[in-house]
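Enquirer: Below is entry15.cif; it holds mmCIF, C-alpha atoms.
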```cif
data_entry
#
loop_
_atom_site.label_atom_id
_atom_site.label_comp_id
_atom_site.auth_asym_id
_atom_site.auth_seq_id
_atom_site.Cartn_x
_atom_site.Cartn_y
_atom_site.Cartn_z
CA MET A 1 0.00 0.00 0.00
CA ILE A 2 1.33 3.44 -0.94
CA LYS A 3 0.81 6.01 1.83
CA LYS A 4 0.35 9.74 1.33
CA ASP A 5 -0.93 12.51 3.58
CA VAL A 6 -3.15 14.02 0.88
CA ILE A 7 -4.39 12.47 -2.34
CA VAL A 8 -6.12 14.45 -5.06
CA ILE A 9 -8.15 12.42 -7.53
CA GLY A 10 -8.19 14.28 -10.86
CA GLY A 11 -5.31 16.06 -12.59
CA GLY A 12 -7.30 18.94 -14.01
CA ALA A 13 -7.43 22.64 -13.14
CA ALA A 14 -8.97 22.22 -9.67
CA GLY A 15 -6.84 19.18 -8.80
CA PHE A 16 -3.51 20.81 -9.64
CA PHE A 17 -4.47 24.10 -8.01
CA ALA A 18 -5.45 22.36 -4.76
CA ALA A 19 -2.35 20.14 -4.68
CA ILE A 20 0.12 22.96 -5.39
CA ASN A 21 -1.41 25.27 -2.77
CA ILE A 22 -1.42 22.54 -0.09
CA ALA A 23 2.20 21.59 -0.76
CA GLU A 24 3.27 25.22 -0.78
CA GLN A 25 1.39 26.16 2.40
CA ASN A 26 2.41 23.03 4.31
CA PRO A 27 5.65 21.51 2.93
CA HIS A 28 5.55 18.67 5.52
CA LEU A 29 2.57 17.03 3.80
CA LYS A 30 3.13 14.37 1.15
CA VAL A 31 0.73 15.26 -1.67
CA ALA A 32 -0.06 13.14 -4.75
CA ILE A 33 -2.39 13.61 -7.72
CA LEU A 34 -3.97 10.52 -9.32
CA GLU A 35 -4.83 11.23 -12.96
CA ARG A 36 -6.63 8.62 -15.08
CA GLY A 37 -5.15 9.81 -18.41
CA ASN A 38 -1.55 9.72 -19.57
CA GLU A 39 -1.42 13.50 -19.22
CA GLY A 40 -3.39 15.97 -17.13
CA LEU A 41 -4.87 19.44 -17.60
CA GLN A 42 -6.60 18.47 -20.85
CA LYS A 43 -9.53 20.83 -20.36
CA VAL A 44 -7.12 23.67 -19.60
CA LYS A 45 -5.38 22.90 -22.89
CA VAL A 46 -8.46 23.30 -25.09
CA SER A 47 -10.28 25.99 -23.10
CA GLY A 48 -10.88 29.32 -24.83
CA GLY A 49 -9.82 27.91 -28.20
CA GLY A 50 -6.43 26.85 -26.84
CA ARG A 51 -5.83 30.20 -25.11
CA CYS A 52 -7.28 29.23 -21.67
CA ASN A 53 -9.91 31.64 -20.43
CA VAL A 54 -8.46 31.77 -16.87
CA THR A 55 -11.12 33.95 -15.23
CA HIS A 56 -13.43 36.93 -15.82
CA ALA A 57 -12.81 40.56 -14.90
CA GLU A 58 -15.67 40.80 -12.40
CA PHE A 59 -14.42 41.94 -8.99
CA ILE A 60 -17.62 42.14 -6.93
CA PRO A 61 -18.69 38.79 -5.39
CA GLN A 62 -22.41 39.75 -5.50
CA GLU A 63 -22.10 40.36 -9.27
CA LEU A 64 -19.85 37.37 -9.95
CA ILE A 65 -22.32 34.85 -8.50
CA LYS A 66 -25.00 35.91 -11.02
CA ASN A 67 -23.09 33.91 -13.66
CA TYR A 68 -23.72 30.58 -11.91
CA PRO A 69 -27.10 28.97 -12.67
CA ARG A 70 -26.28 26.34 -10.04
CA GLY A 71 -24.21 27.42 -7.03
CA GLU A 72 -25.11 31.12 -7.00
CA LYS A 73 -26.12 31.21 -3.33
CA GLU A 74 -23.39 28.82 -2.13
CA LEU A 75 -20.47 30.61 -3.81
CA LEU A 76 -21.02 34.03 -2.24
CA GLY A 77 -19.07 33.18 0.93
CA PRO A 78 -16.22 31.39 -0.91
CA PHE A 79 -15.81 34.33 -3.32
CA HIS A 80 -15.24 36.59 -0.33
CA GLN A 81 -12.32 34.29 0.57
CA PHE A 82 -10.71 33.85 -2.85
CA MET A 83 -11.81 36.04 -5.71
CA THR A 84 -10.86 37.09 -9.24
CA GLY A 85 -8.22 39.52 -7.94
CA ASP A 86 -6.62 36.70 -5.92
CA THR A 87 -6.51 34.52 -9.04
CA ILE A 88 -4.76 37.26 -11.02
CA GLU A 89 -2.27 37.82 -8.22
CA TRP A 90 -1.61 34.07 -7.81
CA PHE A 91 -0.66 33.68 -11.47
CA GLU A 92 1.31 36.93 -11.65
CA LYS A 93 3.43 35.92 -8.64
CA ARG A 94 4.39 32.83 -10.62
CA GLY A 95 5.30 34.74 -13.76
CA VAL A 96 2.02 34.40 -15.67
CA GLU A 97 0.58 37.76 -16.63
CA LEU A 98 -3.09 37.95 -17.59
CA LYS A 99 -4.88 40.41 -19.87
CA ILE A 100 -8.52 41.51 -20.05
CA GLU A 101 -10.38 41.38 -23.36
CA GLU A 102 -13.26 43.69 -24.30
CA ASP A 103 -15.94 41.24 -23.14
CA GLY A 104 -14.27 40.80 -19.72
CA ARG A 105 -12.69 37.40 -20.39
CA MET A 106 -9.13 37.06 -19.11
CA PHE A 107 -6.33 35.15 -20.85
CA PRO A 108 -2.59 34.75 -20.40
CA VAL A 109 -0.74 37.53 -22.27
CA SER A 110 0.97 34.73 -24.25
CA ASN A 111 -2.45 33.75 -25.70
CA SER A 112 -1.53 30.12 -25.07
CA SER A 113 -2.99 27.64 -22.59
CA GLN A 114 0.44 25.99 -22.53
CA THR A 115 1.60 28.90 -20.33
CA ILE A 116 -0.89 27.84 -17.64
CA ILE A 117 -0.01 24.15 -18.02
CA ASP A 118 3.74 24.87 -17.77
CA CYS A 119 3.12 27.02 -14.68
CA PHE A 120 1.21 24.19 -12.95
CA LEU A 121 3.72 21.50 -13.88
CA SER A 122 6.70 23.52 -12.70
CA GLU A 123 4.95 24.54 -9.44
CA ALA A 124 3.99 20.91 -8.79
CA GLU A 125 7.60 19.85 -9.30
CA LYS A 126 8.96 22.71 -7.20
CA HIS A 127 6.72 21.80 -4.25
CA GLN A 128 7.23 18.05 -4.67
CA VAL A 129 3.68 17.19 -5.60
CA GLU A 130 3.77 13.69 -7.07
CA VAL A 131 1.68 13.43 -10.25
CA LEU A 132 0.79 9.81 -11.06
CA TYR A 133 -0.68 9.22 -14.53
CA ASN A 134 -2.78 6.31 -15.86
CA GLN A 135 -4.28 5.83 -12.39
CA SER A 136 -7.97 5.25 -13.00
CA VAL A 137 -9.67 4.97 -9.61
CA THR A 138 -11.86 1.88 -9.15
CA ALA A 139 -12.79 2.12 -5.45
CA ILE A 140 -12.79 4.58 -2.56
CA SER A 141 -13.32 3.36 1.00
CA PRO A 142 -13.17 5.25 4.28
CA GLN A 143 -10.96 3.76 7.01
CA SER A 144 -12.65 4.65 10.24
CA SER A 145 -11.08 4.34 13.63
CA HIS A 146 -13.99 2.63 15.35
CA THR A 147 -12.64 3.24 18.85
CA GLU A 148 -13.45 6.95 18.66
CA PRO A 149 -16.89 8.61 18.68
CA VAL A 150 -18.15 9.39 15.15
CA GLU A 151 -17.80 13.17 15.41
CA VAL A 152 -14.05 13.05 16.23
CA ARG A 153 -13.01 10.20 13.95
CA SER A 154 -10.18 11.25 11.71
CA ASN A 155 -11.16 9.04 8.83
CA GLY A 156 -8.47 8.18 6.35
CA PHE A 157 -9.23 6.71 2.94
CA GLU A 158 -8.15 3.77 0.87
CA ILE A 159 -8.13 4.33 -2.89
CA SER A 160 -7.78 1.48 -5.38
CA THR A 161 -6.61 1.85 -8.97
CA LYS A 162 -5.94 -0.90 -11.52
CA ASP A 163 -2.35 -1.28 -10.31
CA HIS A 164 -2.11 0.03 -6.76
CA ILE A 165 -3.80 0.65 -3.45
CA TYR A 166 -3.15 4.06 -1.87
CA SER A 167 -4.03 5.33 1.55
CA CYS A 168 -4.29 8.92 2.73
CA GLN A 169 -5.48 11.01 5.64
CA LYS A 170 -7.19 13.65 3.48
CA LEU A 171 -8.86 13.04 0.11
CA ILE A 172 -9.83 15.62 -2.50
CA ILE A 173 -12.12 14.75 -5.40
CA ALA A 174 -11.50 17.06 -8.37
CA THR A 175 -12.61 14.85 -11.26
CA GLY A 176 -15.03 17.21 -13.01
CA SER A 177 -18.05 15.58 -14.61
CA ASN A 178 -16.97 11.97 -14.28
CA PRO A 179 -19.88 9.49 -13.96
CA LYS A 180 -17.62 6.68 -12.61
CA ILE A 181 -16.45 8.83 -9.71
CA TRP A 182 -20.01 10.04 -9.10
CA ASN A 183 -21.03 6.38 -8.76
CA LEU A 184 -18.26 5.80 -6.20
CA LEU A 185 -19.45 8.87 -4.27
CA GLU A 186 -23.02 7.55 -4.33
CA ASN A 187 -21.66 4.35 -2.74
CA LEU A 188 -20.31 6.59 0.04
CA GLY A 189 -23.81 7.95 0.62
CA HIS A 190 -23.59 11.19 -1.37
CA THR A 191 -26.51 12.35 -3.52
CA ILE A 192 -25.67 13.14 -7.14
CA SER A 193 -27.83 15.61 -9.06
CA GLN A 194 -28.30 13.97 -12.44
CA PRO A 195 -25.93 15.45 -15.01
CA VAL A 196 -27.34 17.27 -18.04
CA PRO A 197 -25.43 19.34 -20.64
CA SER A 198 -25.21 23.01 -19.74
CA LEU A 199 -23.58 25.12 -22.48
CA PHE A 200 -25.01 24.38 -25.91
CA THR A 201 -26.37 26.03 -29.02
CA PHE A 202 -29.90 25.62 -30.41
CA ASP A 203 -30.65 23.65 -33.58
CA VAL A 204 -33.23 25.52 -35.67
CA LYS A 205 -34.32 24.89 -39.26
CA ASP A 206 -36.19 27.93 -40.56
CA GLU A 207 -36.44 29.82 -43.84
CA ARG A 208 -35.80 33.09 -41.99
CA ILE A 209 -32.24 32.07 -41.10
CA LYS A 210 -31.45 29.79 -44.02
CA ASP A 211 -28.30 30.74 -45.95
CA ILE A 212 -27.25 33.56 -43.60
CA PRO A 213 -24.77 31.88 -41.20
CA GLY A 214 -22.40 34.34 -39.56
CA VAL A 215 -25.01 37.08 -39.19
CA VAL A 216 -25.01 38.64 -35.71
CA ALA A 217 -27.86 40.62 -34.16
CA LEU A 218 -26.23 42.57 -31.34
CA HIS A 219 -29.03 43.27 -28.89
CA VAL A 220 -31.80 40.70 -28.79
CA GLU A 221 -34.08 39.33 -26.14
CA VAL A 222 -34.90 35.61 -26.23
CA LYS A 223 -37.65 33.83 -24.28
CA VAL A 224 -38.38 30.11 -24.03
CA LEU A 225 -42.15 29.91 -24.47
CA GLY A 226 -44.04 28.17 -21.68
CA THR A 227 -41.30 28.92 -19.11
CA ASP A 228 -39.85 31.87 -17.16
CA LEU A 229 -36.54 31.50 -19.02
CA TRP A 230 -35.27 34.51 -20.90
CA SER A 231 -31.97 36.21 -21.69
CA GLU A 232 -30.52 39.07 -23.69
CA GLY A 233 -27.34 39.85 -25.58
CA PRO A 234 -25.80 39.12 -28.99
CA LEU A 235 -27.31 36.37 -31.16
CA LEU A 236 -25.40 34.54 -33.89
CA VAL A 237 -27.00 32.68 -36.79
CA THR A 238 -25.03 29.46 -37.46
CA HIS A 239 -25.22 26.69 -40.07
CA VAL A 240 -27.47 24.72 -37.73
CA GLY A 241 -29.38 27.40 -35.81
CA PHE A 242 -28.54 29.96 -33.12
CA SER A 243 -25.56 30.57 -30.83
CA ALA A 244 -23.71 33.42 -28.99
CA PRO A 245 -24.26 34.73 -25.42
CA ALA A 246 -28.05 35.23 -25.62
CA ILE A 247 -28.45 31.51 -26.40
CA LEU A 248 -25.62 30.15 -24.22
CA LYS A 249 -27.00 31.93 -21.15
CA LEU A 250 -30.41 30.38 -21.81
CA SER A 251 -28.86 26.93 -22.24
CA ALA A 252 -27.01 27.26 -18.91
CA PHE A 253 -29.86 28.67 -16.83
CA GLY A 254 -32.36 26.37 -18.54
CA ALA A 255 -30.15 23.23 -18.53
CA VAL A 256 -32.49 21.10 -16.42
CA GLU A 257 -35.76 22.42 -17.88
CA LEU A 258 -34.62 22.08 -21.52
CA ALA A 259 -33.34 18.54 -20.91
CA LYS A 260 -36.82 17.64 -19.59
CA ARG A 261 -38.24 18.87 -22.90
CA ASN A 262 -35.74 16.73 -24.77
CA TYR A 263 -34.41 19.93 -26.42
CA LYS A 264 -37.66 20.45 -28.37
CA PHE A 265 -39.29 23.79 -27.54
CA GLN A 266 -40.20 27.20 -28.97
CA ILE A 267 -38.33 30.45 -28.51
CA GLU A 268 -39.57 33.98 -29.11
CA ILE A 269 -36.97 36.50 -30.27
CA ASN A 270 -37.24 40.26 -30.01
CA PHE A 271 -34.57 41.36 -32.50
CA ILE A 272 -34.81 45.08 -31.70
CA ARG A 273 -35.75 45.13 -27.97
CA GLN A 274 -38.76 47.35 -28.53
CA THR A 275 -42.39 46.55 -27.81
CA PHE A 276 -44.65 45.49 -30.67
CA GLU A 277 -46.62 48.75 -30.26
CA ASP A 278 -43.54 51.02 -30.37
CA CYS A 279 -42.18 49.16 -33.35
CA LEU A 280 -45.48 49.50 -35.20
CA GLU A 281 -45.44 53.30 -34.65
CA VAL A 282 -41.91 53.54 -36.07
CA LEU A 283 -42.94 51.45 -39.10
CA LYS A 284 -45.95 53.73 -39.74
CA ASP A 285 -43.61 56.75 -39.74
CA LEU A 286 -41.25 54.98 -42.15
CA LYS A 287 -44.18 54.20 -44.48
CA HIS A 288 -44.64 57.95 -44.73
CA ASP A 289 -40.96 59.04 -44.73
CA LEU A 290 -39.58 56.41 -47.13
CA ALA A 291 -42.71 56.11 -49.28
CA LYS A 292 -40.95 55.57 -52.63
CA LYS A 293 -38.22 53.20 -51.39
CA THR A 294 -38.52 49.43 -51.25
CA VAL A 295 -38.82 47.94 -47.78
CA PHE A 296 -36.42 45.12 -48.72
CA LYS A 297 -33.54 47.50 -49.45
CA SER A 298 -34.00 49.97 -46.59
CA THR A 299 -32.67 48.17 -43.52
CA GLN A 300 -33.84 49.63 -40.19
CA PHE A 301 -33.20 49.29 -36.43
CA ASP A 302 -29.45 48.69 -36.88
CA LEU A 303 -30.17 45.13 -37.96
CA PRO A 304 -27.77 43.24 -40.26
CA LYS A 305 -28.97 43.71 -43.85
CA ARG A 306 -29.36 39.99 -44.61
CA LEU A 307 -31.44 39.39 -41.48
CA TRP A 308 -33.67 42.42 -42.19
CA GLN A 309 -34.33 41.13 -45.72
CA LYS A 310 -35.27 37.66 -44.45
CA LEU A 311 -37.71 39.16 -41.93
CA VAL A 312 -39.23 41.42 -44.61
CA LEU A 313 -39.87 38.42 -46.91
CA ALA A 314 -41.37 36.50 -43.96
CA SER A 315 -43.88 39.37 -43.50
CA ASN A 316 -45.76 38.69 -46.70
CA MET A 317 -43.88 41.08 -48.97
CA ASN A 318 -41.70 40.70 -52.01
CA PRO A 319 -38.39 42.46 -52.76
CA GLU A 320 -40.24 45.10 -54.86
CA THR A 321 -42.80 46.13 -52.22
CA ARG A 322 -42.51 49.87 -51.49
CA TRP A 323 -43.12 51.44 -48.09
CA ALA A 324 -46.04 53.48 -49.47
CA ASP A 325 -47.83 50.29 -50.57
CA LEU A 326 -47.76 48.54 -47.19
CA ASN A 327 -51.18 47.65 -45.85
CA LYS A 328 -52.09 47.35 -42.15
CA ASN A 329 -51.54 43.57 -42.20
CA GLN A 330 -48.06 43.78 -43.66
CA LEU A 331 -47.02 46.47 -41.17
CA GLU A 332 -48.25 44.32 -38.29
CA ASN A 333 -46.57 41.20 -39.70
CA LEU A 334 -43.25 43.02 -39.92
CA ALA A 335 -43.63 44.33 -36.35
CA VAL A 336 -44.28 40.75 -35.18
CA GLN A 337 -41.19 39.42 -37.02
CA LEU A 338 -39.06 42.14 -35.45
CA THR A 339 -40.34 41.87 -31.88
CA LYS A 340 -42.05 38.48 -31.43
CA ALA A 341 -40.55 36.07 -33.96
CA VAL A 342 -41.23 32.48 -32.91
CA PHE A 343 -38.77 29.70 -33.86
CA ASN A 344 -38.96 25.94 -33.24
CA VAL A 345 -35.86 24.50 -31.58
CA ASP A 346 -35.26 20.86 -32.41
CA GLY A 347 -32.13 19.67 -30.64
CA LYS A 348 -28.83 21.09 -29.44
CA SER A 349 -25.18 21.18 -30.50
CA THR A 350 -22.05 21.40 -28.34
CA PHE A 351 -20.68 24.90 -28.06
CA LYS A 352 -17.09 24.81 -29.41
CA GLU A 353 -15.00 22.78 -26.97
CA GLU A 354 -16.89 23.93 -23.86
CA PHE A 355 -18.19 20.66 -22.44
CA VAL A 356 -19.87 21.90 -19.30
CA THR A 357 -22.32 19.78 -17.34
CA ALA A 358 -24.95 20.72 -14.79
CA GLY A 359 -25.03 18.05 -12.12
CA GLY A 360 -22.77 16.53 -9.47
CA VAL A 361 -22.55 16.22 -5.70
CA ASP A 362 -25.61 17.78 -4.06
CA LEU A 363 -24.70 21.20 -2.66
CA LYS A 364 -26.56 20.56 0.60
CA GLU A 365 -23.99 17.87 1.45
CA ILE A 366 -20.98 20.22 1.32
CA ASN A 367 -19.71 22.70 3.89
CA PHE A 368 -18.88 25.75 1.76
CA LYS A 369 -16.58 27.25 4.41
CA THR A 370 -14.11 24.42 3.70
CA PHE A 371 -15.58 22.48 0.71
CA GLU A 372 -15.52 19.41 2.97
CA SER A 373 -18.15 16.69 2.77
CA LYS A 374 -20.77 16.88 5.50
CA LEU A 375 -20.98 13.07 5.44
CA HIS A 376 -17.30 12.13 5.64
CA LYS A 377 -14.66 13.98 7.61
CA ASN A 378 -11.50 14.72 5.55
CA LEU A 379 -13.23 14.23 2.18
CA TYR A 380 -13.16 17.42 0.08
CA PHE A 381 -14.46 18.53 -3.32
CA ALA A 382 -13.20 21.08 -5.85
CA GLY A 383 -14.37 22.14 -9.31
CA GLU A 384 -17.17 20.70 -11.41
CA VAL A 385 -17.51 17.42 -9.50
CA ILE A 386 -20.09 19.32 -7.41
CA ASN A 387 -23.38 20.63 -8.79
CA VAL A 388 -22.01 24.06 -9.73
CA ASP A 389 -21.66 25.33 -13.28
CA ALA A 390 -21.45 28.68 -15.01
CA ILE A 391 -22.07 30.45 -18.26
CA THR A 392 -19.15 30.77 -20.67
CA GLY A 393 -16.46 33.40 -20.03
CA GLY A 394 -13.96 32.04 -17.48
CA PHE A 395 -16.47 31.56 -14.66
CA ASN A 396 -16.13 27.76 -14.44
CA PHE A 397 -12.38 28.14 -13.93
CA GLN A 398 -12.92 30.78 -11.23
CA ASN A 399 -15.14 28.31 -9.37
CA ALA A 400 -12.33 25.71 -9.68
CA TRP A 401 -9.63 28.09 -8.35
CA THR A 402 -11.80 29.32 -5.47
CA GLY A 403 -12.92 25.86 -4.30
CA ALA A 404 -9.42 24.38 -4.67
CA TYR A 405 -7.80 27.25 -2.79
CA ILE A 406 -10.26 26.99 0.12
CA VAL A 407 -9.76 23.22 0.29
CA ALA A 408 -5.98 23.76 0.31
CA LYS A 409 -6.24 26.31 3.09
CA SER A 410 -8.43 24.11 5.28
CA ILE A 411 -6.11 21.11 4.79
CA SER A 412 -2.81 22.99 5.27
CA ASP A 413 -4.06 24.67 8.43
#
```
Starting from the file, lay out its structure as structure tokens.

Expert:
Amino acid sequence: MIKKDVIVIGGGAAGFFAAINIAEQNPHLKVAILERGNEGLQKVKVSGGGRCNVTHAEFIPQELIKNYPRGEKELLGPFHQFMTGDTIEWFEKRGVELKIEEDGRMFPVSNSSQTIIDCFLSEAEKHQVEVLYNQSVTAISPQSSHTEPVEVRSNGFEISTKDHIYSCQKLIIATGSNPKIWNLLENLGHTISQPVPSLFTFDVKDERIKDIPGVVALHVEVKVLGTDLWSEGPLLVTHVGFSAPAILKLSAFGAVELAKRNYKFQIEINFIRQTFEDCLEVLKDLKHDLAKKTVFKSTQFDLPKRLWQKLVLASNMNPETRWADLNKNQLENLAVQLTKAVFNVDGKSTFKEEFVTAGGVDLKEINFKTFESKLHKNLYFAGEVINVDAITGGFNFQNAWTGAYIVAKSISD
């Protein structure tokens, strides 16, 4: 049996961050990471298109938590302990400078995720964290000292892999969305919220968006009909339907609800963020002001030209229809297309390489002051193994750094 003081299962962002911080804060502890693959930090590698979206430039905890559909309430306290500014400082102290992009996302100045990976690997080596690859965990069992009362038992753990049995005093689970590990945690009595995909784009087949992929409407409002779900922001027409922040936010906040509907539902899009009535008034004025021009060629409301033309054709007009000739019906149809256009969603597609899952260890079973299990002393969680997930933009990583840092602090103390 191989003995360690602390074992981290999972060699991803949260696992490395926890292990490095423990070893640095308490050099007497023997720390090892068990990683199932033949290399770690794979999600770090592909995140942000290979640039690694380390965090997001939001420095107020109350604002930051609004980006977490699951975990919003629970993360407020932790973010007061370790926040975006702490993340930036942590990396800068180790020679990794970060930059802020226009949309608030933060990347290494090098624009390469390899910078983050190299930083972790060299810090792990420097602080003598042992990283053991190809160690797929098959069993986790608590070793309880039965002579002591339950509340003071300092339970260690036995961890089996294909080749070895390890034992440790403190165990950290940082395996992300890994169903096998979730099953092992269920065997230990933990409740797992069923995983469903969280960040995805909507599949839509519709004449109004056919042949115009790449078109972006900058300020739209999207509602999922029959629910309270809505969001706003840029909308991108793709080859298969809709994407961009307005859709991704909906997919994250609606992850559970949309899974129940098997990803078949209707959305209503307000392309210009005006009411139907206000829009109709503007159109009536245009009928008067642009009388001799064709509706098709006079794009309005700052909409992309190709999208405007598709919506005009969908309103019962042809490319030659002039503003002066519009009847009441056509004006109303156009106002509906601009402010209340309904589309049928039939399925989802993965958003780039962002494979984020809603689901994981039930939040009620975790003490968020330490990220320790409420059921097993000395068992800790960090990252997406718990039922916390975020919208796109560096927020999932911030959750990983915060949880891992707090775990490290509670263990090193």

Enquirer: The PyMOL selection byres ((chain A and resi 217-227) around 7) on the file shown: which residues, as a PyMOL selection string?

Expert: chain A and resi 215-216+228-236+246+266-273+303-304

Enquirer: Quick one: of A:Thr275, A:Gln300, A:Ser349, A:Ser110, who's nearest to Thr201 in chain A, counting only C-alpha atoms?

Expert: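 Of all the options, A:Ser349 lies closest to Thr201 in chain A.
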
Enquirer: Determine the nearest neighbour of Asn26 in chain A from the options A:His127, A:Leu313, A:Gln62, A:His56, counting only C-alpha atoms.

Expert: A:His127

Enquirer: Enter the distance from CA of Gln143 in chain A to CA of Gly156 in chain A, in Å, rounded to one decimal.

Expert: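 About the pair CA of Gln143 in chain A and CA of Gly156 in chain A: they are 5.1 Å apart.
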
Enquirer: Report, in Å with one decimal, the straight-line distance from CA of His164 in chain A to CA of Trp401 in chain A.

Expert: 29.1 Å

Enquirer: Counting all atoms listed in the file, note down every residue that has an atom within 12 Å of the point (-14.4, 45.0, -21.8) (file coordinates), as number ranges by chain.

Expert: A: 56-58, 99-106, 393

Enquirer: One decimal, in Å: what's the spacing between CA of Ile406 in chain A and CA of Ser167 in chain A?

Expert: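 Value for the CA of Ile406 in chain A-CA of Ser167 in chain A distance: 22.6 Å.
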